[in-house]
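Below is one structure, written out as C-alpha cells; comments come after it.
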Protein chains: 2
Amino acid sequence: MNGNKAITKRDVDFAKWYTDVVTAANLARYSNVKGCIIYEANGTAIWEKIKEVLDKKFKETGHENVTMPMLIPESLLRKESELVKGFAPEVAWVTQGGSKELEERLCIRPTSETLFSDYYHEVVKSYKDLPLKYNQWCNVMRWEKEARPFLRGREFFWQEGHTVHATKEEAEAETKGMLEVYKDFFEQYLAIPVLTGRKTEKEKFAGADYTLTVESLMYNGVSLQSGTTHYFGQKFSKAYDIKFVTKENTFEYAYQTSWGVSNRMIGALIMVHGDDSGLILPPRIAPKQVAIIKATTDDETNQLAEELNKKLLNANISSYIDSSDKSFGFKLAEAEVNGIPVRIELGKRDIANKVITVSRRDTLEKEQIEFDIDIVEYINNLMENIQTNLYERAKTRRDSMTYHAKTLDEIKKIMDTQPGFIYAPWCGEEECELKMKEIKGLKSRCITENNEKETCPVCGKKSKHIVVWGIQY
Amino acid sequence: MNGNKAITKRDVDFAKWYTDVVTAANLARYSNVKGCIIYEANGTAIWEKIKEVLDKKFKETGHENVTMPMLIPESLLRKESELVKGFAPEVAWVTQGGSKELEERLCIRPTSETLFSDYYHEVVKSYKDLPLKYNQWCNVMRWEKEARPFLRGREFFWQEGHTVHATKEEAEAETKGMLEVYKDFFEQYLAIPVLTGRKTEKEKFAGADYTLTVESLMYNGVSLQSGTTHYFGQKFSKAYDIKFVTKENTFEYAYQTSWGVSNRMIGALIMVHGDDSGLILPPRIAPKQVAIIKATTDDETNQLAEELNKKLLNANISSYIDSSDKSFGFKLAEAEVNGIPVRIELGKRDIANKVITVSRRDTLEKEQIEFDIDIVEYINNLMENIQTNLYERAKTRRDSMTYHAKTLDEIKKIMDTQPGFIYAPWCGEEECELKMKEIKGLKSRCITENNEKETCPVCGKKSKHIVVWGIQY
C-alpha cells in the first residue's frame with residue numbers, strides 16, 4: 001500500500017527520513033490511540049525474526065520463558081522504594097473494573113521486577129531450587145508524552161530476563177554473560193557494531209546495584225541505548241523476602257539480575273543501515289531474504305520463478321515470488337523500499353538470453369547470471385557478502401564519528417561539527433555529568449575503563465574513568 | 001519444585017484434580033494480583049509450541065501477523081453498538097496516566113475488532129488492496145470475577161485473526177476455512193476429537209452475522225468452546241467506514257471475519273488426556289518429547305545418555321537429559337507428572353545387560369530394548385503410537401458420552417447419569433433454548449444440521465435444527 005510513497009532525503013532531514021521509511025516500508029503507523037503505535041506486517045515480521053533468534057540464544061544459555069500478569073497492584077510496586085520512585089510518575093493506572101471502582105489501583109507493568117520477585121518469594125526455598133533463570137516476551141507500558149515508532153511510545157515490546165542465584169559471583173556472571181549475548185546478537189545478526197560498558201550511577205536502572213549497557217550509533221551520530229543488563233545484588237530479595245536455605249543449612253537472601261532488549265532494535269536497524277531508497281535489512285535478520293519478481297506472466301517465466309523459489313526455500317533461504325496484481329516496476333520498488341536483501345528479476349529478454357538479473361539491496365548493484373549456475377550457493381555467498389558489507393560500512397561510519405577529547409573546548413567543537421561518541425576522562429561526580437548536558441544535551445553513554453591519569457574536562461580534578469558521551473534517542 | 005506434590009484422584013474430585021495437576025506439573029499458579037494467573041515455565045512452553053504450529057498454518061494459508069495497541073479509547077469502542085453492549089460491562093478501564101486524570105478513559109482490549117476496523121478504515125482504498133488477512137498473538141483482558149488457570153481469568157492469551165475481503169463469498173470461505181484449520185489442529189496435534197457447527201443467535205459473538213465453533217468434551221463430560229470463527233458481513237465495515245473502490249469503479253463496504261483460539265486449549269489438553277499421575281502430552285505438541293533419566297552418574301551411564309540424547313536431537317526429537325541434583329525416583333516422577341510422552345531410564349543393572357528401559361506416558365507401560373536397536377526409528381514409531389492412542393482413547397470416551405435424545409425426560413435422565421454432548425431437535429426459539437438451561441445449566445453448543453422432521457422437546461413444535469447441548473466451562 002505504501003510502496004509508491006516518496007522518501008525525504010536522509011541527509012536533508014533525518015527525522016523526516018526516518019518517519020518516511022517507517023511508513024513506506026509498511027513497518028508501523030500512528031494509531032488513533034494517542035501515544036500508541038500500530039506495528040504493521042513488515043514491522044511485526046522483523047520483530048518475530050529477532051525474537052526467534054534471541055529466544056534460541058536464551059534457551060541455549062539455560063533460560064526458560066514464563067508469563068507474568070500485566071497488572072501490578074500499587075502496594076506490590078511500592079515494596080521496593082527506588083523502583084517505585086523511578087516508575088510511578090510514568091505508569092498507566094487501571095482504576096475501574098467492569099462498572100466498579102477498584103479498591104486498589106493497578107498499574108500496567110512498566111517492567112516486571114516486582115512480579116518476578118513476588119513469584120521468587122513464593123517458589124525459592126532451598127539452594128537446590130537455584131538458579132532460576134526465567135525470561136518473558138511481553139508488552140509493557142510507560143506513559144510517555146510523545147510516540148515515535150520503535151523508539152518511544154506508551155506501549156512497547158521487549159523481553160525481560162529475571163534470574164535468581166545462590167551466590168553473588170553467579171549473578172554477576174549472568175549479568176556479564178547476557179551482555180555478551182546482546183553484543184554478539186547486534187554484531188552478528190543486526191550487523192550493528194556496539195560499545196559495551198557500565199552506566200554511571202545517574203544513568204543506571206532504578207533499584208540496580210549496577211547496570212551494563214550496549215550502545216550503538218545511528219547514521220546521524222545520535223546514540224541509542226540498545227540493551228541493558230542489571231545486577232541487583234540482594235536489593236530486591238530483601239524488599240520481597242526471597243530467602244533460601246543454603247547447603248550449610250543457614251538462611252540467605254538470594255542474588256538477582258534482570259536484562260532486556262526491546263523492539264527499539266528495529267529503530268536501530270533502520271537508522272544504521274537505511275538509505276534514501278528505504279529500509280535495508282541484513283540477510284540474517286530479514287524475514288524475507290529474496291524477492292523473485294517477474295516482468296511477464298508467460299508459462300516459461302512462471303515456471304522459472306517456481307523452480308528458483310523452490311530451490312531456495314529447500315535450502316532454507318526465505319524467498320518468495322511477488323504474485324500480486326501490481327506492475328513490474330512497482331514490485332521492484334516495493335522490494336527495495338522494504339529492504340529485501342536480494343532481488344531476482346526475471347525479464348523477458350533476459351530469459352531469452354538464458355540469464356537472470358540479481359540485485360543486492362545494500363549497494364543496489366546488479367549482476368546478470370547464467371541459468372545453470374548453482375543458485376543456492378550463489379545466493380548464500382551473496383548474502384554473506386551483504387551481511388559483512390553492512391557491518392563494515394556501519395563500523396566505518398561509527399568509527400568516523402568516534403572521538404577522543406580532553407577539554408570542554410574540544411568537546412564543544414566536535415558537537416558543533418558532527419556529533420558521535422566522545423571518549424573523555426571524568427572525575428566521577430554527578431555535578432560534572434550534569435554540566436556536560438549543557439553541551440547540546442550530552443549524556444554519559446557508559447564507562448569504558450577506569451583511568452586515574454587524566455583530568456576531568458569540566459572541573460579539572462583527577463579523573464576516575466573514561467566515559468563515552470553522546471546525545472541520545 | 002512441585003514434582004513431589006500429591007494429586008487428588010480424578011474420579012474423586014475432578015475440579016481439585018485439575019488444580020492439582022496444574023500445580024504439580026508446574027504449569028501455572030495463582031498470582032498475588034487478584035484474578036490473574038502466572039503461567040510458569042511448563043505452561044508457557046506448551047503455549048509456545050501451540051503458537052509455533054498454528055502460526056505456521058496461518059502463514060501457509062496466506063496470513064501475516066500485525067500488532068495493535070492494547071488500549072482502546074471509549075469513543076472508538078462505542079462505534080459498533082452490539083460489540084460495546086457485549087463487552088463494556090467486563091473491561092478494565094485506564095483512567096490515569098502518570099499523575100494525571102485522562103480526559104477519555106481507555107479500556108484494555110477485550111478483543112480487537114475495533115482496532116483492526118479502524119486500521120482497515122485507514123488502509124483499504126481499492127479492491128487491489130484486498131484481501132488483507134492479518135492475525136495477532138496477544139494478551140487480552142476481561143474483568144472476570146474468578147480465575148481458573150487456562151479456563152477463566154482476567155488476562156488471557158490468544159490469537160485473533162481479522163480479515164477484510166472484497167466479496168461475501170471470499171469472507172465466508174475464510175470463516176469456514178479457518179474453522180477447518182482449528183479442527184485439524186485439535187485432532188492432529190492436540191489429539192482431541194472435536195465437533196464443529198454454528199452457534200445459535202443467543203450464543204454467537206456480539207456483532208457477528210454468524211459464529212462457527214469448535215467444541216470438545218472433557219473427561220468429566222463438560223464441554224469446552226475451543227475456538228470460534230465469525231463472519232461479520234458488512235456490520236463493522238459500515239460502523240467503521242471501510243469502503244473500497246471496486247473493479248467497476250463503484251464504492252462498496254468490505255466484508256470481514258475474525259477468528260480466535262486461546263490458551264484455554266491447554267485446559268482442554270489437561271482435562272481430555274490427563275490421569276491420576278498428572279499431565280499427559282501428545283507427542284506432536286509436547287515441548288519436550290523424551291526425558292533421559294540416569295540412575296547413576298558413572299562414566300558409562302553418562303556417555304550412553306549423551307549418545308542417546310545426541311542421536312534423538314539430531315533427528316529433531318526434542319529430548320533432554322535430566323541432570324539436576326534430584327534423586328532418580330524424583331526425576332522419574334517429575335517426568336511423569338509433567339506429561340513427557342517418553343521416558344528413557346538408564347539403570348545400572350540394565351546397562352550391564354546392554355538394555356535400556358523405555359516407558360510411555362499414555363499407558364505407563366515399560367519395555368526393555370537392546371542397545372543396538374535403531375533408537376530414532378523406535379522412538380518415532382512409539383510417539384506415533386502414543387499420538388494415535390491418545391486420540392482414539394479420547395474419541396472413545398467422547399463417543400461414550402454422546403447421546404441422541406428426543407424428549408425432555410430422556411435429556412434429564414442423561415444429565416442425572418453422565419453429562420456429555422446431547423444431540424436433540426430444536427424449534428429455533430430462544431425461549432426453548434433458555435428453558436433447557438433449567439436442566440443442570442444445559443446450553444446449546446452448536447447447530448450441526450437443519451432438520452424439520454422432528455419436534456422440539458421443549459415446546460413440541462416442529463424442529464428446525466439438530467442442536468448439540470452440553471454444560472460448559
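Letters for chains follow the order of the C-alpha cells (A, B, ...), residue numbers begin at 1 for each chain, and ligand numbers begin at 1 in the order shown.
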Checklist line | Counting only C-alpha atoms, chain A residues within 7 Å of chain B, as a PyMOL selection string | finding: chain A and resi 1+33+36-41+44-45+64-69+72-73+88-99+129+143
Tell me which protein, DNA and RNA residues are within 12 Å of Asp209 (chain B), counting only C-alpha atoms, leaving out same-chain ones fewer than 2 positions away, and put them as number ranges by chain. B: 82, 168, 171-172, 175, 198-207, 211-212, 229-236, 255-258
Backbone-only DSSP, alpha helix (DSSP H) members of region 226-348 of chain B, as number ranges by chain:
B: 235-239, 264-273, 299-314, 328-337, 348
**Asked** When you draw a straight line from CA of Ser319 (chain B) to CA of Ile292 (chain B), how long is it in Å?
**Response**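 According to the coordinates, CA of Ser319 (chain B) and CA of Ile292 (chain B) are separated by 7.3 Å.
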So that I can check the surroundings of Thr196 (chain B), please list as a PDB file with C-alpha atoms, in the first residue's frame every protein, DNA and RNA residue that reaches within 9 Å of it, counting only C-alpha atoms and ignoring chain neighbours fewer than 6 positions away.
```
ATOM      1  CA  LEU B 179     -12.642 -23.445  11.296  1.00  0.00           C
ATOM      2  CA  GLU B 180     -11.110 -26.359   9.387  1.00  0.00           C
ATOM      3  CA  LYS B 183     -10.419 -28.631  13.742  1.00  0.00           C
ATOM      4  CA  LEU B 212     -18.866 -21.126  13.832  1.00  0.00           C
ATOM      5  CA  THR B 213     -17.374 -23.109  16.680  1.00  0.00           C
ATOM      6  CA  VAL B 214     -15.090 -25.987  17.572  1.00  0.00           C
ATOM      7  CA  GLU B 215     -16.377 -27.856  20.651  1.00  0.00           C
ATOM      8  CA  CYS B 446     -23.739 -25.713  18.210  1.00  0.00           C
ATOM      9  CA  ILE B 447     -26.229 -26.362  15.439  1.00  0.00           C
ATOM     10  CA  THR B 448     -24.989 -29.364  13.474  1.00  0.00           C
TER      11      THR B 448
END
```
query = Excluding same-chain residues fewer than 4 positions from Glu345 (chain A), what lies within 8 Å of it counting only C-alpha atoms, as a list in words?
reply = Ile292, Ile293, Lys294, Ala295, Ile356, Thr357, Val358 and Ser359 of chain A
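If you look at CA of Arg360 (chain A) and CA of Asp399 (chain A), they are 24.7 Å away from each other.
Taking CA of Ser262 (chain B) and CA of Glu169 (chain B) as the two end points, the separation is 26.9 Å.
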For Tyr127 (chain A), the closest of A:Met218, A:Val245, A:Ile50, A:Val84 counting only C-alpha atoms is A:Val245
- request: Identify, with DSSP run on backbone atoms, the residues in region 100-177 of chain B assigned to strand (DSSP E), and express the list as a ChimeraX atom specification.
  value: /B:100-108,132-141,155-165
Since we have the selection now, will you write its residues out, keeping N, CA and C atoms, as a PDB file, in the first residue's frame?
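Written file, selection.pdb:
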```
ATOM      1  N   LYS B 100      -1.768  12.208  36.025  1.00  0.00           N
ATOM      2  CA  LYS B 100      -2.922  12.951  35.516  1.00  0.00           C
ATOM      3  C   LYS B 100      -4.152  12.084  35.266  1.00  0.00           C
ATOM      4  N   GLU B 101      -5.332  12.690  35.522  1.00  0.00           N
ATOM      5  CA  GLU B 101      -6.581  12.055  35.108  1.00  0.00           C
ATOM      6  C   GLU B 101      -6.690  12.190  33.593  1.00  0.00           C
ATOM      7  N   LEU B 102      -7.079  11.118  32.907  1.00  0.00           N
ATOM      8  CA  LEU B 102      -7.235  11.193  31.458  1.00  0.00           C
ATOM      9  C   LEU B 102      -8.548  11.868  31.092  1.00  0.00           C
ATOM     10  N   GLU B 103      -8.571  12.561  29.969  1.00  0.00           N
ATOM     11  CA  GLU B 103      -9.812  13.184  29.507  1.00  0.00           C
ATOM     12  C   GLU B 103     -10.804  12.133  29.047  1.00  0.00           C
ATOM     13  N   GLU B 104     -10.271  11.082  28.427  1.00  0.00           N
ATOM     14  CA  GLU B 104     -11.148   9.986  27.985  1.00  0.00           C
ATOM     15  C   GLU B 104     -10.584   8.690  28.533  1.00  0.00           C
ATOM     16  N   ARG B 105     -11.451   7.865  29.128  1.00  0.00           N
ATOM     17  CA  ARG B 105     -10.899   6.631  29.652  1.00  0.00           C
ATOM     18  C   ARG B 105     -10.623   5.641  28.515  1.00  0.00           C
ATOM     19  N   LEU B 106      -9.677   4.747  28.768  1.00  0.00           N
ATOM     20  CA  LEU B 106      -9.231   3.785  27.764  1.00  0.00           C
ATOM     21  C   LEU B 106      -9.439   2.396  28.342  1.00  0.00           C
ATOM     22  N   CYS B 107      -9.975   1.484  27.547  1.00  0.00           N
ATOM     23  CA  CYS B 107     -10.083   0.132  28.080  1.00  0.00           C
ATOM     24  C   CYS B 107      -8.934  -0.721  27.582  1.00  0.00           C
ATOM     25  N   ILE B 108      -8.533  -1.688  28.397  1.00  0.00           N
ATOM     26  CA  ILE B 108      -7.585  -2.687  27.935  1.00  0.00           C
ATOM     27  C   ILE B 108      -8.374  -3.629  27.029  1.00  0.00           C
ATOM     28  N   LEU B 132      -7.011  -8.375   2.915  1.00  0.00           N
ATOM     29  CA  LEU B 132      -5.958  -8.237   3.929  1.00  0.00           C
ATOM     30  C   LEU B 132      -6.248  -9.295   4.985  1.00  0.00           C
ATOM     31  N   LYS B 133      -5.290 -10.163   5.196  1.00  0.00           N
ATOM     32  CA  LYS B 133      -5.503 -11.285   6.113  1.00  0.00           C
ATOM     33  C   LYS B 133      -4.480 -11.220   7.241  1.00  0.00           C
ATOM     34  N   TYR B 134      -4.878 -10.553   8.311  1.00  0.00           N
ATOM     35  CA  TYR B 134      -3.957 -10.324   9.423  1.00  0.00           C
ATOM     36  C   TYR B 134      -4.370 -11.097  10.680  1.00  0.00           C
ATOM     37  N   ASN B 135      -3.368 -11.355  11.484  1.00  0.00           N
ATOM     38  CA  ASN B 135      -3.572 -12.048  12.756  1.00  0.00           C
ATOM     39  C   ASN B 135      -2.692 -11.376  13.794  1.00  0.00           C
ATOM     40  N   GLN B 136      -3.065 -11.444  15.066  1.00  0.00           N
ATOM     41  CA  GLN B 136      -2.107 -11.076  16.106  1.00  0.00           C
ATOM     42  C   GLN B 136      -2.184 -12.046  17.274  1.00  0.00           C
ATOM     43  N   TRP B 137      -1.023 -12.302  17.860  1.00  0.00           N
ATOM     44  CA  TRP B 137      -0.905 -13.087  19.088  1.00  0.00           C
ATOM     45  C   TRP B 137      -0.770 -12.084  20.208  1.00  0.00           C
ATOM     46  N   CYS B 138      -1.650 -12.107  21.183  1.00  0.00           N
ATOM     47  CA  CYS B 138      -1.577 -11.070  22.203  1.00  0.00           C
ATOM     48  C   CYS B 138      -2.297 -11.464  23.487  1.00  0.00           C
ATOM     49  N   ASN B 139      -2.192 -10.584  24.461  1.00  0.00           N
ATOM     50  CA  ASN B 139      -2.947 -10.735  25.703  1.00  0.00           C
ATOM     51  C   ASN B 139      -4.180  -9.841  25.638  1.00  0.00           C
ATOM     52  N   VAL B 140      -5.285 -10.312  26.169  1.00  0.00           N
ATOM     53  CA  VAL B 140      -6.499  -9.502  26.256  1.00  0.00           C
ATOM     54  C   VAL B 140      -7.013  -9.597  27.682  1.00  0.00           C
ATOM     55  N   MET B 141      -7.933  -8.694  28.018  1.00  0.00           N
ATOM     56  CA  MET B 141      -8.393  -8.662  29.413  1.00  0.00           C
ATOM     57  C   MET B 141      -9.903  -8.518  29.508  1.00  0.00           C
ATOM     58  N   GLU B 155      -6.768 -11.782  32.600  1.00  0.00           N
ATOM     59  CA  GLU B 155      -5.908 -11.668  31.429  1.00  0.00           C
ATOM     60  C   GLU B 155      -5.808 -13.042  30.791  1.00  0.00           C
ATOM     61  N   PHE B 156      -5.994 -13.121  29.493  1.00  0.00           N
ATOM     62  CA  PHE B 156      -5.679 -14.386  28.849  1.00  0.00           C
ATOM     63  C   PHE B 156      -4.951 -14.159  27.537  1.00  0.00           C
ATOM     64  N   PHE B 157      -4.458 -15.238  26.963  1.00  0.00           N
ATOM     65  CA  PHE B 157      -3.571 -15.172  25.803  1.00  0.00           C
ATOM     66  C   PHE B 157      -4.237 -15.879  24.650  1.00  0.00           C
ATOM     67  N   TRP B 158      -4.187 -15.257  23.499  1.00  0.00           N
ATOM     68  CA  TRP B 158      -4.843 -15.849  22.344  1.00  0.00           C
ATOM     69  C   TRP B 158      -4.223 -15.327  21.081  1.00  0.00           C
ATOM     70  N   GLN B 159      -4.796 -15.805  19.956  1.00  0.00           N
ATOM     71  CA  GLN B 159      -4.548 -15.155  18.684  1.00  0.00           C
ATOM     72  C   GLN B 159      -5.901 -14.704  18.187  1.00  0.00           C
ATOM     73  N   GLU B 160      -5.904 -13.567  17.510  1.00  0.00           N
ATOM     74  CA  GLU B 160      -7.141 -13.109  16.892  1.00  0.00           C
ATOM     75  C   GLU B 160      -6.829 -12.759  15.447  1.00  0.00           C
ATOM     76  N   GLY B 161      -7.440 -13.519  14.532  1.00  0.00           N
ATOM     77  CA  GLY B 161      -7.309 -13.219  13.115  1.00  0.00           C
ATOM     78  C   GLY B 161      -8.411 -12.251  12.717  1.00  0.00           C
ATOM     79  N   HIS B 162      -8.064 -11.281  11.894  1.00  0.00           N
ATOM     80  CA  HIS B 162      -9.051 -10.308  11.418  1.00  0.00           C
ATOM     81  C   HIS B 162      -8.791 -10.100   9.940  1.00  0.00           C
ATOM     82  N   THR B 163      -9.777 -10.424   9.130  1.00  0.00           N
ATOM     83  CA  THR B 163      -9.546 -10.313   7.690  1.00  0.00           C
ATOM     84  C   THR B 163     -10.611  -9.453   7.050  1.00  0.00           C
ATOM     85  N   VAL B 164     -10.254  -8.867   5.911  1.00  0.00           N
ATOM     86  CA  VAL B 164     -11.182  -7.994   5.190  1.00  0.00           C
ATOM     87  C   VAL B 164     -11.107  -8.366   3.710  1.00  0.00           C
ATOM     88  N   HIS B 165     -12.278  -8.503   3.109  1.00  0.00           N
ATOM     89  CA  HIS B 165     -12.380  -9.059   1.758  1.00  0.00           C
ATOM     90  C   HIS B 165     -13.294  -8.200   0.880  1.00  0.00           C
TER      91      HIS B 165
END
```
Need to verify the contact set: Ile317 (chain A), 12 Å, only C-alpha atoms, exclusion of same-chain residues closer than 6 positions in sequence. Can you return it as a list in words?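 After dropping sequence-adjacent residues, the list is Pro283, Arg284, Ile285, Ala286, Pro287, Lys288, Gln289, Val290, Ala291, Leu308, Asn309, Lys310, Lys311, Pro341, Val342, Ile375, Val376, Glu377, Tyr378, Ile379, Asn380, Asn381, Leu382 and Met383 of chain A.
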Since we have the selection now, will you write its residues out, keeping N, CA and C atoms, as a PDB file, in the first residue's frame?
```
ATOM      1  N   PRO A 283      20.788  -9.766   5.828  1.00  0.00           N
ATOM      2  CA  PRO A 283      20.171 -11.053   5.474  1.00  0.00           C
ATOM      3  C   PRO A 283      19.853 -11.941   6.672  1.00  0.00           C
ATOM      4  N   ARG A 284      20.706 -11.936   7.705  1.00  0.00           N
ATOM      5  CA  ARG A 284      20.470 -12.859   8.817  1.00  0.00           C
ATOM      6  C   ARG A 284      19.252 -12.504   9.663  1.00  0.00           C
ATOM      7  N   ILE A 285      18.728 -11.301   9.507  1.00  0.00           N
ATOM      8  CA  ILE A 285      17.564 -10.924  10.305  1.00  0.00           C
ATOM      9  C   ILE A 285      16.362 -10.590   9.408  1.00  0.00           C
ATOM     10  N   ALA A 286      16.554 -10.685   8.100  1.00  0.00           N
ATOM     11  CA  ALA A 286      15.455 -10.363   7.171  1.00  0.00           C
ATOM     12  C   ALA A 286      14.428 -11.493   7.156  1.00  0.00           C
ATOM     13  N   PRO A 287      13.162 -11.187   7.456  1.00  0.00           N
ATOM     14  CA  PRO A 287      12.125 -12.235   7.407  1.00  0.00           C
ATOM     15  C   PRO A 287      12.011 -12.814   5.990  1.00  0.00           C
ATOM     16  N   LYS A 288      12.148 -11.955   5.003  1.00  0.00           N
ATOM     17  CA  LYS A 288      12.175 -12.396   3.605  1.00  0.00           C
ATOM     18  C   LYS A 288      13.533 -12.007   3.043  1.00  0.00           C
ATOM     19  N   GLN A 289      14.289 -12.986   2.574  1.00  0.00           N
ATOM     20  CA  GLN A 289      15.652 -12.699   2.128  1.00  0.00           C
ATOM     21  C   GLN A 289      15.745 -12.438   0.633  1.00  0.00           C
ATOM     22  N   VAL A 290      14.907 -13.098  -0.131  1.00  0.00           N
ATOM     23  CA  VAL A 290      14.981 -12.981  -1.592  1.00  0.00           C
ATOM     24  C   VAL A 290      13.586 -12.751  -2.164  1.00  0.00           C
ATOM     25  N   ALA A 291      13.451 -11.700  -2.990  1.00  0.00           N
ATOM     26  CA  ALA A 291      12.196 -11.450  -3.700  1.00  0.00           C
ATOM     27  C   ALA A 291      12.383 -11.843  -5.162  1.00  0.00           C
ATOM     28  N   LEU A 308      13.107 -21.610  -9.212  1.00  0.00           N
ATOM     29  CA  LEU A 308      14.078 -20.870  -8.391  1.00  0.00           C
ATOM     30  C   LEU A 308      13.603 -20.804  -6.947  1.00  0.00           C
ATOM     31  N   ASN A 309      12.338 -20.443  -6.781  1.00  0.00           N
ATOM     32  CA  ASN A 309      11.778 -20.283  -5.448  1.00  0.00           C
ATOM     33  C   ASN A 309      11.883 -21.589  -4.653  1.00  0.00           C
ATOM     34  N   LYS A 310      11.557 -22.671  -5.299  1.00  0.00           N
ATOM     35  CA  LYS A 310      11.579 -23.976  -4.653  1.00  0.00           C
ATOM     36  C   LYS A 310      12.997 -24.344  -4.229  1.00  0.00           C
ATOM     37  N   LYS A 311      13.942 -24.141  -5.131  1.00  0.00           N
ATOM     38  CA  LYS A 311      15.346 -24.438  -4.812  1.00  0.00           C
ATOM     39  C   LYS A 311      15.804 -23.648  -3.590  1.00  0.00           C
ATOM     40  N   PRO A 341      16.999  -8.130   1.126  1.00  0.00           N
ATOM     41  CA  PRO A 341      18.428  -8.119   0.790  1.00  0.00           C
ATOM     42  C   PRO A 341      18.747  -8.412  -0.676  1.00  0.00           C
ATOM     43  N   VAL A 342      18.027  -9.386  -1.270  1.00  0.00           N
ATOM     44  CA  VAL A 342      18.343  -9.780  -2.640  1.00  0.00           C
ATOM     45  C   VAL A 342      17.066  -9.815  -3.479  1.00  0.00           C
ATOM     46  N   ILE A 375      22.425 -21.797  -7.954  1.00  0.00           N
ATOM     47  CA  ILE A 375      21.781 -20.584  -7.436  1.00  0.00           C
ATOM     48  C   ILE A 375      21.829 -20.512  -5.912  1.00  0.00           C
ATOM     49  N   VAL A 376      21.725 -21.662  -5.256  1.00  0.00           N
ATOM     50  CA  VAL A 376      21.740 -21.664  -3.794  1.00  0.00           C
ATOM     51  C   VAL A 376      23.093 -21.184  -3.278  1.00  0.00           C
ATOM     52  N   GLU A 377      24.146 -21.726  -3.858  1.00  0.00           N
ATOM     53  CA  GLU A 377      25.488 -21.321  -3.439  1.00  0.00           C
ATOM     54  C   GLU A 377      25.710 -19.837  -3.734  1.00  0.00           C
ATOM     55  N   TYR A 378      25.263 -19.422  -4.927  1.00  0.00           N
ATOM     56  CA  TYR A 378      25.445 -18.027  -5.332  1.00  0.00           C
ATOM     57  C   TYR A 378      24.744 -17.076  -4.355  1.00  0.00           C
ATOM     58  N   ILE A 379      23.493 -17.395  -4.038  1.00  0.00           N
ATOM     59  CA  ILE A 379      22.709 -16.515  -3.154  1.00  0.00           C
ATOM     60  C   ILE A 379      23.274 -16.541  -1.727  1.00  0.00           C
ATOM     61  N   ASN A 380      23.671 -17.713  -1.271  1.00  0.00           N
ATOM     62  CA  ASN A 380      24.256 -17.787   0.076  1.00  0.00           C
ATOM     63  C   ASN A 380      25.531 -16.958   0.177  1.00  0.00           C
ATOM     64  N   ASN A 381      26.381 -17.058  -0.833  1.00  0.00           N
ATOM     65  CA  ASN A 381      27.605 -16.243  -0.842  1.00  0.00           C
ATOM     66  C   ASN A 381      27.277 -14.753  -0.892  1.00  0.00           C
ATOM     67  N   LEU A 382      26.322 -14.418  -1.728  1.00  0.00           N
ATOM     68  CA  LEU A 382      25.941 -13.011  -1.864  1.00  0.00           C
ATOM     69  C   LEU A 382      25.410 -12.473  -0.532  1.00  0.00           C
ATOM     70  N   MET A 383      24.607 -13.269   0.150  1.00  0.00           N
ATOM     71  CA  MET A 383      24.024 -12.811   1.417  1.00  0.00           C
ATOM     72  C   MET A 383      25.104 -12.654   2.495  1.00  0.00           C
TER      73      MET A 383
END
```
